[in-house]
Amino acid sequence: MGQVSSMVARRVNRFNAENRAHRVLEREKPTPAPKFESNLRDMDRTLELDPKFVDKLNTKDASLDTRLKDVYVTSQDRFIQRVQDRHAQEANDSERPLPAERQTPSDFEFGYLEPSRISVGHCTLRQALQFINDHQIDPKKWPIKRIADELKLKESHVGDILHYFKTFNVYLPDKKYQDRLLTQSQQRIISEPSSDK
(Lines give C-alpha, C1' and ligand atoms only; values in the text may rest on other atoms or scores of the structure.)
Protein backbone atom coordinates (compact mmCIF):
# COMPACT_ATOMS: atom_id res chain seq x y z
CA MET A 1 0.00 0.00 0.00
CA GLY A 2 2.87 2.37 0.86
CA GLN A 3 4.52 1.79 -2.51
CA VAL A 4 1.37 2.69 -4.40
CA SER A 5 0.84 5.90 -2.44
CA SER A 6 4.47 7.00 -2.88
CA MET A 7 4.25 6.25 -6.62
CA VAL A 8 1.08 8.34 -6.94
CA ALA A 9 2.59 11.19 -4.92
CA ARG A 10 5.71 11.14 -7.10
CA ARG A 11 3.64 11.38 -10.29
CA VAL A 12 1.59 14.27 -8.88
CA ASN A 13 4.78 16.13 -7.94
CA ARG A 14 6.27 15.60 -11.40
CA PHE A 15 3.09 16.58 -13.26
CA ASN A 16 3.46 19.90 -15.09
CA ALA A 17 6.72 20.61 -13.23
CA GLU A 18 8.23 22.66 -16.03
CA ASN A 19 5.29 25.08 -16.25
CA ARG A 20 5.25 25.52 -12.49
CA ALA A 21 9.00 26.26 -12.49
CA HIS A 22 8.57 28.90 -15.22
CA ARG A 23 5.75 30.51 -13.24
CA VAL A 24 7.99 30.80 -10.17
CA LEU A 25 10.86 32.25 -12.22
CA GLU A 26 8.62 34.82 -13.94
CA ARG A 27 7.65 36.45 -10.66
CA GLU A 28 9.22 39.85 -10.15
CA LYS A 29 10.81 39.34 -6.77
CA PRO A 30 10.39 36.65 -4.15
CA THR A 31 8.54 37.82 -1.09
CA PRO A 32 10.99 38.56 1.75
CA ALA A 33 10.72 36.81 5.06
CA PRO A 34 9.01 38.80 7.82
CA LYS A 35 11.39 40.78 10.02
CA PHE A 36 11.44 40.87 13.77
CA GLU A 37 10.43 44.06 15.56
CA SER A 38 13.94 44.50 16.96
CA ASN A 39 15.41 44.34 13.44
CA LEU A 40 12.89 46.92 12.20
CA ARG A 41 13.79 49.23 15.10
CA ASP A 42 17.51 48.87 14.29
CA MET A 43 16.85 49.70 10.62
CA ASP A 44 14.85 52.81 11.58
CA ARG A 45 17.65 53.94 13.90
CA THR A 46 20.35 53.51 11.19
CA LEU A 47 18.18 55.36 8.62
CA GLU A 48 17.76 58.25 11.08
CA LEU A 49 21.53 58.47 11.52
CA ASP A 50 22.36 58.08 7.82
CA PRO A 51 19.47 58.38 5.35
CA LYS A 52 21.67 57.29 2.42
CA PHE A 53 22.64 54.01 4.17
CA VAL A 54 20.55 51.78 1.84
CA ASP A 55 22.02 53.46 -1.24
CA LYS A 56 25.55 52.91 0.10
CA LEU A 57 24.83 49.24 0.61
CA ASN A 58 23.53 48.79 -2.93
CA THR A 59 26.32 50.71 -4.72
CA LYS A 60 29.75 49.28 -5.35
CA ASP A 61 32.56 51.15 -3.58
CA ALA A 62 35.60 51.33 -5.84
CA SER A 63 38.00 52.19 -3.01
CA LEU A 64 37.08 49.06 -1.09
CA ASP A 65 37.53 47.00 -4.25
CA THR A 66 41.04 48.36 -4.82
CA ARG A 67 41.95 47.72 -1.19
CA LEU A 68 40.79 44.14 -1.58
CA LYS A 69 43.01 43.73 -4.64
CA ASP A 70 46.01 45.05 -2.68
CA VAL A 71 45.66 42.40 0.04
CA TYR A 72 47.94 39.39 -0.39
CA VAL A 73 48.06 36.37 1.86
CA THR A 74 51.43 34.76 2.28
CA SER A 75 51.60 31.43 4.03
CA GLN A 76 54.56 30.21 6.02
CA ASP A 77 53.19 26.77 6.65
CA ARG A 78 55.78 24.69 8.42
CA PHE A 79 53.84 21.50 7.84
CA ILE A 80 54.60 21.57 4.10
CA GLN A 81 58.28 22.17 4.87
CA ARG A 82 58.30 19.19 7.26
CA VAL A 83 56.72 16.96 4.61
CA GLN A 84 59.32 18.04 2.06
CA ASP A 85 62.13 17.41 4.55
CA ARG A 86 60.75 13.94 5.31
CA HIS A 87 60.59 13.08 1.60
CA ALA A 88 64.17 14.26 1.12
CA GLN A 89 65.31 12.21 4.12
CA GLU A 90 63.53 9.09 2.78
CA ALA A 91 65.32 9.57 -0.52
CA ASN A 92 68.66 9.75 1.32
CA ASP A 93 67.76 6.75 3.50
CA SER A 94 67.30 4.55 0.43
CA GLU A 95 71.01 5.00 -0.36
CA ARG A 96 72.35 4.07 3.08
CA PRO A 97 73.54 0.50 3.76
CA LEU A 98 71.34 -2.13 5.37
CA PRO A 99 71.87 -2.90 9.06
CA ALA A 100 74.62 -5.39 9.87
CA GLU A 101 72.56 -7.24 12.50
CA ARG A 102 69.70 -9.02 10.78
CA GLN A 103 68.37 -11.08 13.69
CA THR A 104 64.93 -10.52 15.08
CA PRO A 105 64.98 -9.09 18.58
CA SER A 106 64.33 -11.63 21.31
CA ASP A 107 60.90 -11.67 22.93
CA PHE A 108 60.49 -10.36 26.43
CA GLU A 109 59.75 -12.78 29.24
CA PHE A 110 56.19 -11.61 29.86
CA GLY A 111 55.52 -10.41 26.31
CA TYR A 112 56.31 -6.75 26.90
CA LEU A 113 59.20 -4.55 27.99
CA GLU A 114 59.07 -4.09 31.74
CA PRO A 115 59.31 -0.48 32.89
CA SER A 116 62.51 0.63 34.59
CA ARG A 117 60.67 3.04 36.93
CA ILE A 118 57.48 2.06 38.74
CA SER A 119 55.30 4.73 40.31
CA VAL A 120 53.91 4.41 43.82
CA GLY A 121 50.74 2.34 43.97
CA HIS A 122 51.66 0.19 40.96
CA CYS A 123 53.59 -3.03 40.47
CA THR A 124 54.93 -4.93 37.50
CA LEU A 125 53.66 -8.29 36.37
CA ARG A 126 56.84 -9.91 37.65
CA GLN A 127 56.34 -8.41 41.12
CA ALA A 128 52.66 -9.41 41.15
CA LEU A 129 53.47 -13.01 40.25
CA GLN A 130 56.22 -13.06 42.87
CA PHE A 131 54.05 -11.88 45.77
CA ILE A 132 51.12 -14.08 44.68
CA ASN A 133 53.45 -17.09 44.66
CA ASP A 134 55.07 -16.13 47.99
CA HIS A 135 51.68 -15.73 49.64
CA GLN A 136 50.47 -19.05 48.22
CA ILE A 137 53.52 -20.89 49.53
CA ASP A 138 53.65 -19.31 52.99
CA PRO A 139 50.72 -17.01 53.91
CA LYS A 140 51.99 -16.52 57.48
CA LYS A 141 55.41 -15.30 56.36
CA TRP A 142 53.91 -13.14 53.55
CA PRO A 143 50.70 -11.57 54.89
CA ILE A 144 48.81 -8.90 52.96
CA LYS A 145 50.16 -6.09 55.17
CA ARG A 146 53.81 -7.01 54.57
CA ILE A 147 53.33 -7.25 50.79
CA ALA A 148 51.51 -3.90 50.74
CA ASP A 149 54.28 -2.23 52.78
CA GLU A 150 57.10 -3.62 50.64
CA LEU A 151 55.55 -2.71 47.27
CA LYS A 152 53.84 0.50 48.53
CA LEU A 153 50.38 -0.71 47.48
CA LYS A 154 47.00 -0.39 49.17
CA GLU A 155 46.14 -3.33 51.38
CA SER A 156 42.67 -3.59 49.84
CA HIS A 157 44.18 -3.90 46.35
CA VAL A 158 46.67 -6.54 47.47
CA GLY A 159 43.85 -8.45 49.19
CA ASP A 160 41.75 -8.37 46.02
CA ILE A 161 44.69 -9.54 43.90
CA LEU A 162 45.43 -12.42 46.25
CA HIS A 163 41.74 -13.35 46.38
CA TYR A 164 41.09 -13.39 42.63
CA PHE A 165 44.45 -14.50 41.22
CA LYS A 166 46.39 -17.69 41.88
CA THR A 167 49.44 -19.25 40.29
CA PHE A 168 49.23 -22.72 38.82
CA ASN A 169 50.73 -25.67 40.66
CA VAL A 170 52.49 -28.15 38.42
CA TYR A 171 52.09 -31.75 39.47
CA LEU A 172 54.52 -34.28 38.01
CA PRO A 173 53.83 -37.87 39.12
CA ASP A 174 56.77 -40.11 40.00
CA LYS A 175 57.74 -42.60 37.34
CA LYS A 176 57.93 -45.56 39.78
CA TYR A 177 54.32 -45.07 40.89
CA GLN A 178 53.02 -44.58 37.35
CA ASP A 179 52.46 -48.32 36.88
CA ARG A 180 50.21 -48.42 39.94
CA LEU A 181 47.77 -45.82 38.60
CA LEU A 182 44.38 -47.41 38.23
CA THR A 183 42.64 -47.46 34.92
CA GLN A 184 38.86 -47.07 34.71
CA SER A 185 38.27 -50.77 34.35
CA GLN A 186 40.34 -51.53 37.48
CA GLN A 187 38.51 -48.82 39.42
CA ARG A 188 35.16 -50.42 38.54
CA ILE A 189 36.34 -53.80 39.77
CA ILE A 190 37.54 -52.39 43.08
CA SER A 191 34.43 -50.24 43.68
CA GLU A 192 31.94 -53.07 43.02
CA PRO A 193 31.08 -54.95 46.24
CA SER A 194 31.73 -58.65 46.09
CA SER A 195 28.54 -60.75 46.02
CA ASP A 196 30.20 -63.85 47.63
CA LYS A 197 29.36 -62.89 51.17
# chains A, B, ... in the order shown; residues from 1 in each chain; ligands from 1
$ select_by_dssp --residues "segment 44-187 of chain A" --states "alpha helix (DSSP H)" --output "PyMOL selection string"
chain A and resi 44-49+53-58+62-70+78-93+125-137+144-151+155-164+184-187
$ atom_distance --atom1 "atom CA of Phe108 of chain A" --atom2 "atom CA of Arg126 of chain A"
11.8 Å
$ atom_distance --atom1 "atom CA of Lys52 of chain A" --atom2 "atom CA of Arg27 of chain A"
28.3 Å
$ residues_around --residues "segment 139-143 of chain A" --least-positions-apart "6" --cutoff "10 Å" --atoms "only C-alpha atoms" --output "list in words"
Phe131, Ile132, Asn133, Val158 and Gly159 of chain A
$ write_last_selection --atoms "all heavy atoms" --output "short mmCIF file (atom, residue, chain, number, x, y, z; two decimals), in the first residue's frame"
data_model
loop_
_atom_site.label_atom_id
_atom_site.label_comp_id
_atom_site.auth_asym_id
_atom_site.auth_seq_id
_atom_site.Cartn_x
_atom_site.Cartn_y
_atom_site.Cartn_z
N PHE A 131 54.71 -11.93 44.46
CA PHE A 131 54.05 -11.88 45.77
C PHE A 131 52.84 -12.80 45.83
O PHE A 131 52.48 -13.30 46.89
CB PHE A 131 53.74 -10.44 46.21
CG PHE A 131 52.56 -9.75 45.57
CD1 PHE A 131 51.26 -10.09 45.87
CD2 PHE A 131 52.78 -8.70 44.69
CE1 PHE A 131 50.19 -9.42 45.31
CE2 PHE A 131 51.71 -8.03 44.13
CZ PHE A 131 50.42 -8.39 44.43
N ILE A 132 52.21 -13.09 44.68
CA ILE A 132 51.12 -14.08 44.68
C ILE A 132 51.68 -15.45 45.03
O ILE A 132 51.13 -16.20 45.85
CB ILE A 132 50.39 -14.10 43.32
CG1 ILE A 132 49.58 -12.83 43.12
CG2 ILE A 132 49.48 -15.32 43.19
CD1 ILE A 132 49.04 -12.65 41.72
N ASN A 133 52.82 -15.79 44.42
CA ASN A 133 53.45 -17.09 44.66
C ASN A 133 53.95 -17.18 46.11
O ASN A 133 53.76 -18.22 46.77
CB ASN A 133 54.60 -17.29 43.67
CG ASN A 133 55.11 -18.70 43.69
OD1 ASN A 133 54.36 -19.64 43.95
ND2 ASN A 133 56.40 -18.87 43.42
N VAL A 158 45.90 -5.30 47.34
CA VAL A 158 46.67 -6.54 47.47
C VAL A 158 45.74 -7.69 47.87
O VAL A 158 45.85 -8.80 47.35
CB VAL A 158 47.81 -6.36 48.51
CG1 VAL A 158 48.52 -7.68 48.77
CG2 VAL A 158 48.80 -5.32 48.03
N GLY A 159 44.80 -7.42 48.78
CA GLY A 159 43.85 -8.45 49.19
C GLY A 159 42.99 -8.93 48.03
O GLY A 159 42.75 -10.13 47.87
#
